[in-house]
Every structure is written in C-alpha cells, then in structure tokens.
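A short write-up of the structure that comes next.
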Number of protein chains: 8
Amino acid sequence: MERAIAGGIISSYYRKLQDCLEVDVAVVGAGPSGLLCAWDLARAGKKVAVFERALRPGGGIWGGAMLLNEVALQQEMRPVLDEAGVRCLPAGDGLLTADAVELAAALIYQAVHAGARLFNGVCVEDVIFKDDRVCGVVINWSTVLDANLPVDPLMIGARCVLDAGGHDAHLTERIARKAGVRLDTPTGSVMGERPMWAERGEQATLDNSGPVLPGLYVAGMAANGVRGSFRMGPIFGGMLRSGRKVARLILEELG
Amino acid sequence: MERAIAGGIISSYYRKLQDCLEVDVAVVGAGPSGLLCAWDLARAGKKVAVFERALRPGGGIWGGAMLLNEVALQQEMRPVLDEAGVRCLPAGDGLLTADAVELAAALIYQAVHAGARLFNGVCVEDVIFKDDRVCGVVINWSTVLDANLPVDPLMIGARCVLDAGGHDAHLTERIARKAGVRLDTPTGSVMGERPMWAERGEQATLDNSGPVLPGLYVAGMAANGVRGSFRMGPIFGGMLRSGRKVARLILEELG
Amino acid sequence: MERAIAGGIISSYYRKLQDCLEVDVAVVGAGPSGLLCAWDLARAGKKVAVFERALRPGGGIWGGAMLLNEVALQQEMRPVLDEAGVRCLPAGDGLLTADAVELAAALIYQAVHAGARLFNGVCVEDVIFKDDRVCGVVINWSTVLDANLPVDPLMIGARCVLDAGGHDAHLTERIARKAGVRLDTPTGSVMGERPMWAERGEQATLDNSGPVLPGLYVAGMAANGVRGSFRMGPIFGGMLRSGRKVARLILEELG
Amino acid sequence: MERAIAGGIISSYYRKLQDCLEVDVAVVGAGPSGLLCAWDLARAGKKVAVFERALRPGGGIWGGAMLLNEVALQQEMRPVLDEAGVRCLPAGDGLLTADAVELAAALIYQAVHAGARLFNGVCVEDVIFKDDRVCGVVINWSTVLDANLPVDPLMIGARCVLDAGGHDAHLTERIARKAGVRLDTPTGSVMGERPMWAERGEQATLDNSGPVLPGLYVAGMAANGVRGSFRMGPIFGGMLRSGRKVARLILEELG
Amino acid sequence: MERAIAGGIISSYYRKLQDCLEVDVAVVGAGPSGLLCAWDLARAGKKVAVFERALRPGGGIWGGAMLLNEVALQQEMRPVLDEAGVRCLPAGDGLLTADAVELAAALIYQAVHAGARLFNGVCVEDVIFKDDRVCGVVINWSTVLDANLPVDPLMIGARCVLDAGGHDAHLTERIARKAGVRLDTPTGSVMGERPMWAERGEQATLDNSGPVLPGLYVAGMAANGVRGSFRMGPIFGGMLRSGRKVARLILEELG
Amino acid sequence: MERAIAGGIISSYYRKLQDCLEVDVAVVGAGPSGLLCAWDLARAGKKVAVFERALRPGGGIWGGAMLLNEVALQQEMRPVLDEAGVRCLPAGDGLLTADAVELAAALIYQAVHAGARLFNGVCVEDVIFKDDRVCGVVINWSTVLDANLPVDPLMIGARCVLDAGGHDAHLTERIARKAGVRLDTPTGSVMGERPMWAERGEQATLDNSGPVLPGLYVAGMAANGVRGSFRMGPIFGGMLRSGRKVARLILEELG
Amino acid sequence: MERAIAGGIISSYYRKLQDCLEVDVAVVGAGPSGLLCAWDLARAGKKVAVFERALRPGGGIWGGAMLLNEVALQQEMRPVLDEAGVRCLPAGDGLLTADAVELAAALIYQAVHAGARLFNGVCVEDVIFKDDRVCGVVINWSTVLDANLPVDPLMIGARCVLDAGGHDAHLTERIARKAGVRLDTPTGSVMGERPMWAERGEQATLDNSGPVLPGLYVAGMAANGVRGSFRMGPIFGGMLRSGRKVARLILEELG
Amino acid sequence: MERAIAGGIISSYYRKLQDCLEVDVAVVGAGPSGLLCAWDLARAGKKVAVFERALRPGGGIWGGAMLLNEVALQQEMRPVLDEAGVRCLPAGDGLLTADAVELAAALIYQAVHAGARLFNGVCVEDVIFKDDRVCGVVINWSTVLDANLPVDPLMIGARCVLDAGGHDAHLTERIARKAGVRLDTPTGSVMGERPMWAERGEQATLDNSGPVLPGLYVAGMAANGVRGSFRMGPIFGGMLRSGRKVARLILEELG
C-alpha cells in the first residue's frame, strides 16, 4: 500500500507541476487580493498558478486584528462574502464583521476549487525578464532559502505576473532594482507605504492596483507600497476590490 | 472609520470568546481528525471550540507528502470528499488523490461554517481536572509561550476535551504525567507510536480513537501515539474516520 | 470558579479597551518621562492610554547604572520624589540618590492609580495620520511582532500622541520617513543623539521636549534623539522635567 | 557632574550590598507571594533581601491572563488591596478584578518602601548549605548566566531562605538533588504541580506554603510545585495569602 | 529555453524517483561505508538508493582530521584506492595518506556512476516495519525537518535497509525504541560507542558490520555504536572494509 | 597506531600547505566554473590552490533545481561531460540532463586528481594588494569566522586570483570597496546581477568572464554579478565554458 | 614578507604539534588548577600539553565574583602568589584579595614560560582507552564542534591525563559512561557537586584531587564534581592546592 | 567564611572602581597595542584604566594565525619581548616567532602588574564630549549590552582616551558620526582599512597612530581603519610599536 500511496502522490504532483510550467498568470502571494484575483481568473478559464512562501496560504487574514480573529468589511462587500459562502454580522457605521478563519478558508477553497493551482511552501525569488517584459517567475522551496542552501531554482513561464506579496512589495522592489527599469508610478520607482488613514487607504488600494511594468501587476498592500499610498486597517474591502480589479485588467490584456 | 473598525472587531471577538467560556467540546488541534470531528459535532448542534497552536489551522494537510501538495485517500472516503466539496482523481489500487490545499481549506471552512469556533494562535497548555475528570482546557497565546513570558492563561470549561494534537499526543502525555492517573490503554500510560505500516496504521487509527480518561478523548495520530500503534503514511482515510468516530462517541456521551 | 475568573477578567479588559479606542493622549513608552507625563495628564482629568512594548513597564529606570540599582537626581527634584513617595539620600554636589526599584514602581503606580491606562506588551507600530496631523496610534502585541507573524493591528484614536520611546526616537523617525513630512527641528528631520555631556544633556532634554509635528510630541531621550542634543547620564532630573513640561504643553493644547 | 553621578551611585549601591551580605531573610523571586512576604517581614523590622532574575520585578502579575492585563481576586482579599492602595471592582461570584499593572507596581513599591532591598537582574544559582541547613544564597548576574560565562558568584548569608520562584520550584528541586536530602513533603522529594483546579489550587497554595528543609521555605506556585498540588488560575488570593502566611511562620522562627 | 530546462529536469527526476519507489537496498547515509557498499551493490546489478541528510554527500571524509584534509589508510587498502582512482603516499608504520577531498569525490562518483541513485538533502525519519521486518524507509526533505514543518513523508520500499548513518546509529536506535524489538547484539539493544582504540576499532568495525534485525543492516561507525565497540581514529580501512563486507552479506541474502 | 595516524596526517598536510604558500593561481570558490578552471590549469602544469568556504566543495551543483537533483546542459557540452566521465540523457530542445551528484563529484575529483589542491572549510576574507595589483589571498577557517572569533588569518601568495565565488561576487565587491579602485567593467564598479534570461545569461556568463583588475579574474555567476548581466537558470553550459575560458586567459597571462 | 610570516608561523606550529603527539601529561582545561599543575610539571621537566576549549585560557579566574574582578585567597597561599609575581592585599579573616586579571595572566604566563604547551581553541572530545587505561586524548577544534561539522579528530598519546575541566567534570563523566568502568569514588561513578560550603569545599577540593581511573586524574572543581563534595566560593586556595597536589602525585607515578 | 570572601572582594573592587572614576588615560581595548601602551603609561606613573569588552583580555593575540597559535615579529622587536619575558625563535627573513599564548599572557600581566587597572567584560558604548573635546568614556557591562537590556551606563572621566579597539575603529567612527566633528585624517572622517600589504601595513600602523580629535588617540588596527591604510598580517611589530608611540605622545601631552 505504501508504494501505491507514494506513486499516486508523485504522479499527481508531477502532472500538476508539468502542466504549470507555462501559465497565463502567475500570482505571487496567497493573501486576500491574490486569492480573489486567482479565483476570478480561474473562473474565467485562465490557467493560474499561485505561489505562496508559507506552508499555509491565507496571508494576514487568519489573525484578524491583534489575534482577535474577526475582520471588518464594508457593507458593499456583502455580495463577495455571499459568493464565497461566508457569514457576516452588521457592526455599525456601514461595516460588517466576519470570522477571520472562515473568510481565509473560503477564499483559499474557492480559488483552488475553481481551478487555480496553489503551490505553497514555494518562494518566488526572481522573475524571468526578457526584452523589458516580465514573462515568468523563478521559484524555490521556502525551506531551502530559509536554510541558505545554494540550490538552483526552477522557472515558470507566465504571460502576466501579479505581485500580491504584501506590505513592502519586495518582489517589485527587487525587480526594479535588479533590472534597473522605470516603474509606472509617479516617481518611476517604488515609493513606500505611508502611515495609516483607513478611508484613504481603502480607496488608494483600489486605485493603485494595476500594471507597473510590462507583464507585471501589483495588487493589495503591495500596490500601496509601490505607489506610496496610505496604509489600511484590518478591513478587507480594499484588498478584495483590488484583487477583483486586477483580475479584470489582466483578462482585458490576455483577451 | 478606524474607530468603527476597531470597535466592531473587538465587540465581535468579545462575544465569541465570552460565549465559549463554557462549551460542550473543546477540540485541541485543527488537523484533519480534529476538524472533521468539530464539523460533525457542530452540525449536530453542539457548542464546539477548536484551539490551534499555529496561526493557520489545517495541521499537516497543506504540505501533502514532502511538499508535493497532493494527498491520497481510500476510495471509500469519496463521500466525505463530496460532502466537503473536494475534487479527487483515481490513483489505482483503490486510492484517490486530491489537492492538499483544497482539502485543508474545505475542512476548515466546513467546520467553522457549521458553527464551530476556531481559536488560532492559541495553545492549550494544561487542562482543568476536577474529581479525576478532565473538564476544561487552559489556554494561552502561542506567541506568549514561544517568547517564554510569565503570563497567566485563561480557562475554558468543557464537558469533553478531544486531544487531536498529532504524533506525540503531548497533551495527553502531559495530563497523565501531571495528574498521575491511569489512562485507558493496554499499559495504562502513553505507549508511543510504532514505525510505519500503512494498512495497519489506517485501521489502528480508527480503532484507537476514543476516550482515554473521563472527559478526555484522543483522535488521529494522537490516538496512535497514546496506544502504541503503527504510523500511517500520507493517506487520510484513517484520520478522517477517526474524527468522525470520536464525534459519534462524544455525541453518545453528551446525549 | 474558573468560569467566573475568566469571565471577570475578559469583561474588565473589554471595558478598558473599548473605553480607550478614543483617548485624549496616547503615550508611547512607559519610561520616566512617559510615566510622569501620563500621571500629570491623568491627574488633570484627561483620558490617557500608555502603550509599552515590554511586558513590564518602567523602561530604563530599574537597572540603575550598570545594574547597580540606584539612580541619581538633582536636589531640586526632591518635590517630585516626595509627591511619588520615594525616599532619597544626599550624595554630594547637589545630587540625591534613590533606589531605582522604588522609583520605577512608584512612577508606574502613581500614573495608573491616577487613572491612566497602561497597555503593556503592546507595541505601537505606526500612527494614524490624516490631513498632515497625527491623530492616533496603530498597535499590536509585541510578541506577535517579535514572532514576525502577519497579523493586522488595531487602531487607537488620540487627540495627541507622545513619543516617549527612548534613545533613538524610532517612532518619530518612522513617521517622518513614511509620511515624508518636515519635523519642527532645526534641520526638519531627525537629527540623532550626540555623545554624553551630563549638564548640557539635562538642560537639552527639557528644552527639546515639545511638539515636532501637528499632533505629535516628543519627551525624554527621544526628544534629544530628534533634536540632536547631548546624551544624559543615569540622572533623572531632565527626564522627569521633560515629562512634566510636555504634560503642561499638551494640557494647553487640549484646553 | 558625571563624576558626582557615578560616585554617588556606586557608593549608595556599595553600602546597600555590603549591608545585605548577612540578612535575616533572602527571598528568591519577586512575584506576588515573594513581594507580600518581603513587605510583611520588612514592616516587622527584619532585614530582607529579594533576588529577582529578571531586570524588572513583579513576576507573572503584569500580564494578567493572556495579556488581558486584569487580575481576579477573592472578595476577602479586599483589605490587602486597600493596604496596598490598589483599586478594584466587583466581578460577580465573590470575585474582584483589579488592574494588573497597578497591583504589580503597588506590591513592588510597598515592599521596597517598607525597607526590603530588591536586587533585580540577579539570579540565585545555588544555596549555602551547612550542617544540613540552608543558610544563604549564591548569586550571580542573570546576564552572566544567560551568556554562559564562567564567572564565579557572590554569597549572601541568610537566617532563612524563601523559594518564591514560581511554577517549577527550580531552586528547591536543585537543592534537593544536589544535597541529596529529604524534603518535608509527603514523598520526601519534589512532587510536581498537578493540572488546574482553581478552588483547590487556591487552598492548596495556602496549605502548602511553609518550610521544606531547615532554613528553606516555599511559597506561591513553588509551594504547589514542591508538594504536588493543583494549579491555580489567574487569581491571586492564594498567592498573596501564601506570602503572608510564610512571613508569619518566618517571624515565629526568627523571633 | 527556461521551459525546456525546467521540463527536462522535472521529467528526469520524476523518472528517477518513480523508479526508486521499490529498491533492492536503501542505504541511509553517504559516508565512506555507505558509499562503498552502494558502489559494490550497484556494480553487482542491484537497484540501490542512497539517502543522505546533507545537501552534499561524503559524510566525515572531506574534513580529514581537524580540517587538515588528509586521511590515513592501512597499506592493504591500496587496491580499493586504485580501483577508485585515488592517489596515495606511504606514511610509515604500514600506513598511507591520501587527499581527503580526492577520496570523498571519488567514492561518491564511483557509486553514482555505477548506477546507485543518491538522494541528497533527504532524511530518513522512520522505517516501514511489517511483520517484524524492516521493509522500507520513510523519507522527507531535511530542510522541512530542520524547519519543524508538519509535512508528511514519502515511503520507499526496500528489500534491505542499511544504516550507515554514523556515530550514534540514530536510525537503528529509533527503530529499536519505537518498535520495541530485540536487536541482534549481545544485549539485544543499542549499546553505544566506547572511547577510542584505533586498532581495536578498526577490527571491530569490520566484525560488527552486518544484520541487526530482519531487513536491517548496520555498517561503519553505526555498527560500532550499535554493538558497543571502540571508536576508530581518522583512518578509513575499517570503514571501507565494513561497507564491502555488508555489500557481500546483502548480496548473499538477496541472491 | 594513533600516533602514526596523527603524525602521518599532520605531515602530509604540512607539506601540502607549505607547498601552497606561493601558487600560480588561487581559485576562490569550488563551484562548477572554479572547478573546471582549476582542472584545466592543473592539467596545464600550473600550481593551483582552490579555497572553498564550505566543508564540502561543489557549490550549487549538488541540489539540481529545487532539490530535484538533475541538471541541464546544452548538447555542445557533451565533450566536457565525456572528459569528466559523466553520463547524460537527451532532454529535447538541444538539451541534455545529467545526475547532479555525479557531475559535482566528477568535477571535484578531476580537479584534485589532476593536481589542484583544494582547501575546504577555508574562507578567503581579503586579498594581498600591492602596487595596485592583487597578488594573493588572505585565508581563515570558515568556522572561526562564523564564530566571530578574533583570530588572525594566513596569507597565500598568488600570481593570479580567480573570484569564482557565485552570485554576488562578494570578494570582488569587497576588494573594489576596500581598495577604492576602478574595475574593468562598463561602470568601473560592481554592477549587480539582472533578473533571469536563460539564453542571454548563458552567453553573458561566457562574455563577462575575464580580468577585472590586475591580477584578479572573475568567472561563473560572479562574472555576471560584476558586469551586470542576466541570471542563468539551472543549466551549466555557461558556467563550464566560463571556467574553461578563464583558464585559457590565465594561461596566456602566466605564459 | 607575507610568505615569510606565513611560513614561519606554520613551521613553528608544526614542530610544536608534532612534538606533542606523545606527551607525559595531557591537561584538559586551563583554569587555575590545570595551570598550576602544568606549571609544576613543566618545571619538573615533564612534557606537558594543556588543551583549552576556549580561545582564551584562564577559565573562571578573569571574572572574579559577579564580574567584580578581584579574587580571594587564604593567607597561606601567599607563597604561590609571590612565586607567580602576583600582588595581594590583606582582606581580614585570614584572607587576601588579588586582582583577578593579574592572577589569570600570571598563571598562564608561568605555565607556558616554564615549557608547557597550551593548545587553545581545542576541545578534548574523547580519550584513548586501551586495556582499561586512559592513555591519551582525542582533540578537535572547538569551532568545528560548535558548528556541528562532521570532521574527524586528532589523537594525542599521554602517559597521564588530568581532567581539570571545571564544575561538571564532563570528560570524566563521559569516559565513565562510554567505557562502562568503575571510577575510584565512594559510589564507583560520578557523584555530582553539592551546594556551597566554602570551608568544606576548600578542603574537599584538596582531598578529592587525585586518580579516578588508571591514567586519569581529576583536579579543581572537577574533583568535587566527581566525588560529590561541597562547592567552593570565589576563593582560590583549594583550586591552587589541588593543582599542586595532583602535579606531585603524577610526578610520583611517572617517576 | 562566605561573608569574609564576599566582603573582601566587594571592598577591593569598590576601591578600585572609585579610584578610577577620574583617570589620566582610558584605554579602550586590551589587544597588543592597548596593552603595551597601558604598560608604558603605568610604568611612567600615570593612572590608567583599560576597558575590554570580552571577559578575557588579549584581543587577537591568542589565536596566532588560523588558530596555529604562534605569532611572527620583526627581529628589532626582540627587546620588547625580552622586557616582557617572552621567548622567541628566529624564523628567517629577519623574523622571529613566539608562542601566541605566552605573548598574550605576558602583555596582560605586565600591564596590570605595572599598575594599570583592567576592567574586563566592560564595553565602552560612548564617550563624554565637552566643548569639542573627548574627556571620558561611558561604560556598561558587555553582557547587559549583548542582552539588549535598557540599563544606563556609568561614566569615567579621563584626560585622554585611546581607541585601541581593532579593525573597524568602531568607537572613533561612532564619535565622529554622533558628534558630527572633523577628525584629524586626510579626509576628515573615518577612511576604512585597505586590503593587506604586510610591509606597508606595518609602517602605516606606526605612522597612523596618534591623535584624531582633541582628547582622542587611535592605535593599532584602529589607527589603520581610521586613516585608510593597508592591513597587516599576523605580525605584531607594528602593533607593539604603535602602542609604544602613542604612550609617548600621551605622556608628552599630559606632561
């Protein structure tokens, strides 16, 4: 029986990985904006691979605020919660609260169930960059990088790459620095996140989401980090709208 | 807006926590057996609180085998997968494979959506033990324990406690040692896990699951660890059946 | 009884936290200047919340000098010691010495007993910054930040914020960098602390304490750090006078 | 001025340390039971030195329960709170809650203000043990021990030593093991703490506090650890009564 | 081109791994005895898989003695060196010295070139144990184990397993403890290594090498560790003869 | 026998080290380009010493790509593999795959067997730099540097030094910074590696390899790092050709 | 010049090491008893090698008591101080104090100047043990052991070995455990150190110093650790007398 | 007896420390140049205090080169060795070698025996800086700084301060940065050390030693670090001459 188990797992994984050597969209980071974007793209029939550094996806959703595992959302996000099957309660001032664990699990489940492939425990350490266009990602096991082992990466070709990697937009910052190119931001480079202003942050997250280089999009907190906008609080409207907007923009580009 | 967000989250969490100070069942560990047990109990109308040391629940499901994120299951587990909404593929020898990420997210989602409360980032460091019966758990933030801070815990009263905490059954071992009591095992104490024998391990996991002390049940790998049975492979039939069996036994006890 | 204990603690804390979601003054750092300022403000009837990164407040007072747990103060500080109930002895050259442990405990006690709320084990990781004014703090558990967990913070609204966070004035430095604003210092930015010159440092600490941005004050060593003045020795006159001065300035601003 | 500051601090500390080379009572650990015991003994005119491993005394009081910084006490502890100047609120079921920070600071302040000398950042690594009687402690800087430096300790002679060092009663355990003697417990050796049972734990803490070897007393959680009794919750009646009881027993012994 | 590189590597590795799910011999540890044994077995046509915890095989050969990277061998080992293509020099007393780096690289090269598959960066964390016979190994990435991630292993079926894992024979010790079986040693259990006695150690290493349980052999330093014999010095005659002897015994068993 | 072993090893090592105090070429880093260069130089009769920071040479070859221990090479590299005795298989698109372990061991073996001396566990922390020419290396045990011990290094004189130290060209960067000289690169300083573009990277690696300062060459990934070219994938044609090219250039310089 | 420096150092060290492959006495640990013993033996014409794990010898002398770098000695030790050239002052009660740094440096200097060879940064990890007699030590770089590198040791033959390694007598404990022999102590095994009793400890240190196995002596704190006697304070009479006594016993044995 | 030991040590240390609150020269770092300078100054009757971060003084002398514990010196240094009582041997090329341990111990011994006070385990974290002149040092326990404890320092007044702190001249760099002053170097700031050139380095060390700010001297490797000169090898002529030169310059300044 051990043989059948091992053989079955290896073969399934091999097929999944081989099938993802060339994808339509490579999503970096499985937080709220990356997951919703992947879900929307997969539902639209695109081949999507999500790469998440941690063993367990979901990013910053699980912990709510200060480990009080509830999250807040604007009432107008109600349809997204309904789509995902997440319960919520009114909290006054046009806000809803939802269980952070339920929301995280639902978004992961929906994205993967819709067909996106999620590679967890895998870090995107670089991109493929040809003729001034980002056209793939360079991946490695997170545990290998954390252990500082000199082990070469693998490459994944992608028509578009989405940096949904959170606060500091490390990947975009790294590409800009290594490739020495001008980003599509007011200053042409990564501008850094500003202090918190919840209303402005929510709106900015949406506005800032989009392409920054040929082949490279940013979403969620990474979008604010790249374009120097205000930090949001533990409220997920802007994050989710950001993922949905980028999915739409990518679909427009890919046709 | 910041005030409304903070106030909403704090109030929702406060209600959730206050409501869980006395539960029917406290489940320790949010791996496959703990999650399925919690799901079944919640569906049956019991008040269930799940405590998971990690920030992100799901235990060992996410990584598949050696980070090849697929899992194997016996064909007879197909109905559980269907219930949970998880896709699978035949892998020969009466086995199925499923995406590990999809399975993990589905089990977490279903348990919480059915009404179980999952407290993540929370460690069960001890139990309440009165008149030789386990009647609650003693919890603390995992980050506080990891930082070795001298901070007192909180207490959660429970009619039953389930140790679904994995390989070494640390909690049951600790209770047995601290309380100096005889467990309901062949030797009366924790026997330790044996090497791997997949078929036997699958069966043993099911057989070993059940009560070991008044008020204390074991499930999943912890059950094998307590009763000295064979280790399983990365196959989840035994784990899931274990969780379901214990849910049934607890329902019988609680009435 | 466990239930009553847990329920009582949770309810008391919930009330305290909810009541502090909007305060008059948020004090960052519970060292000598922050504590005296909080004490004076609380005595004047202001709603004050003190946030201290460490589990145990008191900052650098406890260790005296090189762990010889005595501190020195100028004779003119005698009234403050008397107010706080701290014994002292003449040490020549116009100086007094006092037991470091007695002084630390007395200042903490007095501030909290007078009504300031002290949240220990809580780190201020950012501020709320609207229309170029600091109007609140963004907090998280220190243990969560030390463990590098991706967990969102909570927000506390405040009419004024005091950075009393010690040598390097990290918070003010961070705000200036993230918000890209000009501070009210000779150079417009954080100038860094100079080497030690006890007499000058004592005076500078007093002179430098005050507002640096709309809504943001500095006190104690942070004041020297921001305005590039001389370091003090293990003598607490300047620190205490700094806290008292800032309390007066804030009271003037708040009316 | 630097010279006067340094000279004053060194001289004050030197006098304090020289005066403590022989004390009536050496208290190990500055948590609730150790502090109240030291306060009572100092008020009774005894020469008391308290040694606390951490830089900041107060032990586990500061963090309340799970960092919710409130503590619970039985209503009959009201007089102790009043004595110490600590505010409290009724919490139902015969319980009070108090601010954890206020209680910690008040107990430290009162003990030291009453004349006990508290040496913080100092670890008791061994005892002086002559003719089968504990007659002093062997101390070192905690930072030296944490850095594993081979630096010899200093010795403090004491007519009695109190182990108030918390959960595992490390010091008593170590003495029993190194000296190979029989403790005054049911088994003659350290029995270890049992799981939680709040009511029993409160009572047991009081009952278990007292002498375990000629010259050696235990109090607080250490007392439960030595005599194998139930763990308490985050409620401080037992702890405080334990410290007060031991103070009385020591006064009887010392005359 | 990236796609072709990634696809080629994945496919080659997949074939290699699938082909090794059932092997004749699983060798644990790629030090001198394991490598020579694998080389001999591969030359004899057996299907051999070597699992090495480190990223780089060769065990303790590379560092010579105290990083002086030369090794000593008995003159009668000259033929093995010649076979492997390793230069040597006479060193008096019937000894030769050889370059440690040359010897390590040659042994690895020869074993793999002869057909043994070497999986580096892979740890054997358990065995498959059926009907009291070791019949396979349970493997995982070393980086996953070092990072303490809860990720399930894969299983490799094997007709024989060789523990060539060095000084403490961890694997054999673990099997004996977990399975609760009697080893084929004078005491029936792991006896531990004795101090150094070079001549005796060399001979003992040879004598002790062989089966200890049905399906399980030991070689090299692990053999001494299991059977309680003398430690060798930085001389490799015993190690190499041990590997060669075990290869012969396994060939006899496998037919 | 212990004496003979120790004496033999010490004497052999002493002769090897003394003979290497002045070499023709000092190679820094024992990865693919450094090893092939050392092999070619040794075959041409030059005195070569290779210094490798790790205990085990081979650099990034061993781990293949993401620990899938296979590597890819262009078909035109077939003759190098044949020379080294490494088996390979066609992988389509003009590529071959080879076992990563076999390739690593073969290259190390061949370099050392041809006469290059490889000092492993030894770090090059600086260079000898006289009259604006690099003329030797400054070495120390890696373990000494990792432990931050203040221990002086030894010096090795060399007519040429090759920096084959991988991605970031730390040594060349450090020399340029410490010596304040202009490198032979487009900008005169270290330019940093660009993102991945496999085809371009392969060619660039070859083009960029050569001298950057009098007495100092770069090869392999260090060459790309110094001259700001594209990163390669896990394909070793460029690396090997780089090593071979530099060997030829050095032979021309040395005559 | 670099060549001459490197060549000179290597040759001097090589001669020293080769000359020490067989010594009369191997002293393990360069604290006060080991250093005085080595000094006395070297003065008597014996070939002595001292092995010290730390980079810097002197053991626990340097730090005085709690980093107050003074030490105490009995007045009758005055002649030893005079011999070593160390100043001292009367401290009352028949005691002297001396500067800890002066004493440490003087003892190291005298031992080495008299001809003992001191190998610092070198750890004794095992012994050579033939026919039930300790006849040498097995050494390695401390940095290699601290880094957990699998590097073989070197061997040093010795007619006698002295364990002067401090509190826990690790080496003797290890030999007894690994060799399974009976030590010459009341119980036949390592008995562990008792709590402090300065007078008794001083005498016991002297009494306990001597042989514990054929070929193996203990001195200083290790002697108390092996024979279960009282701990000393920061007073060095017993330590020095212990070293001197063992030197005399060894001279008697060696003739 | 414990009381007398503790009392004697405390009193001796107190006198030593009090006497050093104002010194003629504060030497930072107890390596070769600092020790020789302190020795020369103490012999000339100056009050000297040496502060050494490590528990054990001697800096980089102990380890020789790569732990081969021999050092090289120019023949003209013979008189210094004779003065210090250190044996040496000719090594060719006008060089001597000496035992590293003997040299380190002799220099420490001589400096302290001549009257310099050496405070080990003490770090200089800042200076006193009045009217643009360095006039003292700010010290703390190294263990306190390493543990990141917020404990205030003590101050030592000094007519001159010598930075003999090794390679990177951290103290001088820090003073220059914090005080914002111009150093007496070609660029006015810290220039950094250049690569190795032994002859030039030896000469430069001598030339560079001297004052860099009013009240602040540099010596040894720090001198090269400050003035941008060549690194030396493991040869100690330049270091010792540097210490002697600075002693002479300081004596001239102090009169």
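Every chain in the structure tokens has a letter given in the order shown (A, B, ...), and although residue numbers restart at 1 in each chain, ligands are simply numbered from 1 in the order shown.
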How close does each residue of chain H get to chain G, giving the shortest atom pair and distance in Å to one decimal for every residue with an atom at most 8 Å away, counting only C-alpha atoms, sorted by chain and residue number, as a tab-separated table?
residue	atom	partner	partner_atom	distance
H:Met1	CA	G:Ala198	CA	6.5
H:Glu2	CA	G:Ala198	CA	6.2
H:Ala4	CA	G:Asp93	CA	6.5
H:Ile5	CA	G:Ala72	CA	6.0
H:Gly8	CA	G:Ala91	CA	5.3
H:Ile9	CA	G:Glu70	CA	5.6
H:Ile10	CA	G:Leu68	CA	7.0
H:Ser12	CA	G:Glu70	CA	6.9
H:Tyr13	CA	G:Leu68	CA	5.9
H:Leu55	CA	G:Gly63	CA	6.6
H:Arg56	CA	G:Trp62	CA	6.3
H:Trp62	CA	G:Arg56	CA	6.3
H:Gly63	CA	G:Leu55	CA	6.6
H:Ala65	CA	G:Ile9	CA	7.4
H:Leu67	CA	G:Gly121	CA	7.2
H:Leu68	CA	G:Tyr13	CA	5.9
H:Asn69	CA	G:Tyr13	CA	6.9
H:Glu70	CA	G:Ile9	CA	5.6
H:Val71	CA	G:Ile9	CA	6.2
H:Ala72	CA	G:Ile5	CA	6.0
H:Val86	CA	G:His113	CA	7.4
H:Arg87	CA	G:His113	CA	7.6
H:Ala91	CA	G:Gly8	CA	5.3
H:Gly92	CA	G:Ala4	CA	7.2
H:Asp93	CA	G:Ala4	CA	6.5
H:Leu95	CA	G:Ile5	CA	7.5
H:Leu96	CA	G:Gly8	CA	7.9
H:Thr97	CA	G:Ile9	CA	6.7
H:Val101	CA	G:Leu118	CA	7.2
H:Glu102	CA	G:Tyr109	CA	5.5
H:Ala105	CA	G:Ala105	CA	4.8
H:Ala106	CA	G:Tyr109	CA	5.8
H:Ile108	CA	G:Ala105	CA	6.1
H:Tyr109	CA	G:Ala105	CA	5.1
H:Val112	CA	G:Glu102	CA	5.9
H:His113	CA	G:Glu102	CA	6.5
H:Leu118	CA	G:Val101	CA	7.2
H:Phe119	CA	G:Asn69	CA	7.4
H:Asn120	CA	G:Gly63	CA	7.4
H:Gly121	CA	G:Leu67	CA	7.2
H:Trp197	CA	G:Glu2	CA	7.9
H:Ala198	CA	G:Glu2	CA	6.2
H:Glu199	CA	G:Met1	CA	6.8
H:Gly233	CA	G:Glu2	CA	7.0
H:Pro234	CA	G:Ile5	CA	7.3
H:Ile235	CA	G:Ile5	CA	7.0
query = In range 24-241 of chain A, what's strand (DSSP E) per DSSP? Answer as a PyMOL selection string?
reply = chain A and resi 24-28+48-52+70-74+89-92+95-99+117-120+122-130+133-141+154-163+194-196+210-213+216-218+230-231
request  = Tell me which protein, DNA and RNA residues are within 12 Å of Ser189 in chain C, counting only C-alpha atoms, leaving out same-chain ones fewer than 2 positions away, and put them as a list in words.
outcome  =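 Once the adjacent positions are removed, what remains is Ala169, Thr172, Glu173, Arg174, Ile175, Ala176, Arg177, Ala179, Gly180, Val181, Arg182, Leu183, Asp184, Thr185, Pro186, Thr187, Met191, Gly192, Val212, Leu213, Gly225, Val226, Arg227 and Gly228 of chain C.
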Taking 5 positions as the minimum chain separation for residues in the same chain, which residues sit within 8 Å of Ala204 in chain A when counting only C-alpha atoms? Answer as a PDB file with C-alpha atoms, in the first residue's frame.
ATOM      1  CA  ASN A 224       0.041  50.818  -1.839  1.00  0.00           C
ATOM      2  CA  SER A 229      -0.286  55.481  -0.535  1.00  0.00           C
ATOM      3  CA  PHE A 230      -1.878  55.265   2.898  1.00  0.00           C
ATOM      4  CA  GLY A 238      -9.969  47.488  -0.498  1.00  0.00           C
TER       5      GLY A 238
END
task = With a distance cut-off of 12 Å and only C-alpha atoms, select the neighbouring residues of Gly215 in chain A, excluding the residue or stretch itself and same-chain residues fewer than 5 positions from it, and output the selection as number ranges by chain.
result = A: 24-27, 127-137, 157-163, 172, 175, 183-184, 210, 249-250, 253-254
key: Members of range 28-127 of chain E assigned alpha helix (DSSP H) by DSSP, as a PyMOL selection string   = chain E and resi 32-43+78-84+100-113
query = What is the distance between CA of Gly188 in chain E and CA of Leu216 in chain E, in Å to one decimal?
reply =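 For CA of Gly188 in chain E relative to CA of Leu216 in chain E, the distance reads 14.2 Å.
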message = If I take CA of Leu145 in chain C and CA of Asp207 in chain A, how far is one from the other in Å, to one decimal?
response =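 About the pair CA of Leu145 in chain C and CA of Asp207 in chain A: they are 28.9 Å apart.
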query = Which neighbours of Gly237 in chain F fall inside 9 Å, counting only C-alpha atoms, when residues of the same chain fewer than 3 positions from it are skipped, and could you give them as a list in words?
reply =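 Here the answer would be Ala72, Leu73, Gln74, Gln75, Glu76, Met77, Glu202, Leu240, Arg241 and Ser242 of chain F.
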request  = Using only C-alpha atoms, determine which residues lie at most 8 Å from Leu171 in chain D, disregarding the query and same-chain residues fewer than 5 positions distant; provide the list as number ranges by chain.
outcome  = D: 124-126, 163, 165
Dump N, CA and C atoms for the selected residues as a compact mmCIF listing (two decimals), in the first residue's frame?
# COMPACT_ATOMS: atom_id res chain seq x y z
N VAL D 124 19.62 33.57 41.69
CA VAL D 124 20.13 32.69 42.75
C VAL D 124 20.47 31.35 42.11
N GLU D 125 21.76 31.05 41.97
CA GLU D 125 22.12 29.83 41.25
C GLU D 125 22.36 28.65 42.18
N ASP D 126 22.47 28.89 43.47
CA ASP D 126 22.73 27.79 44.41
C ASP D 126 22.46 28.34 45.81
N ASP D 163 11.94 30.21 48.87
CA ASP D 163 11.85 29.95 47.42
C ASP D 163 10.46 30.37 46.97
N GLY D 165 9.96 31.19 43.71
CA GLY D 165 10.42 31.32 42.33
C GLY D 165 9.47 30.78 41.28
message = As an exercise, work out the distance from CA of Ala114 in chain H to CA of Met239 in chain H in Å and give it to one decimal place.
response =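 CA of Met239 in chain H lies at a distance of 19.9 Å from CA of Ala114 in chain H.
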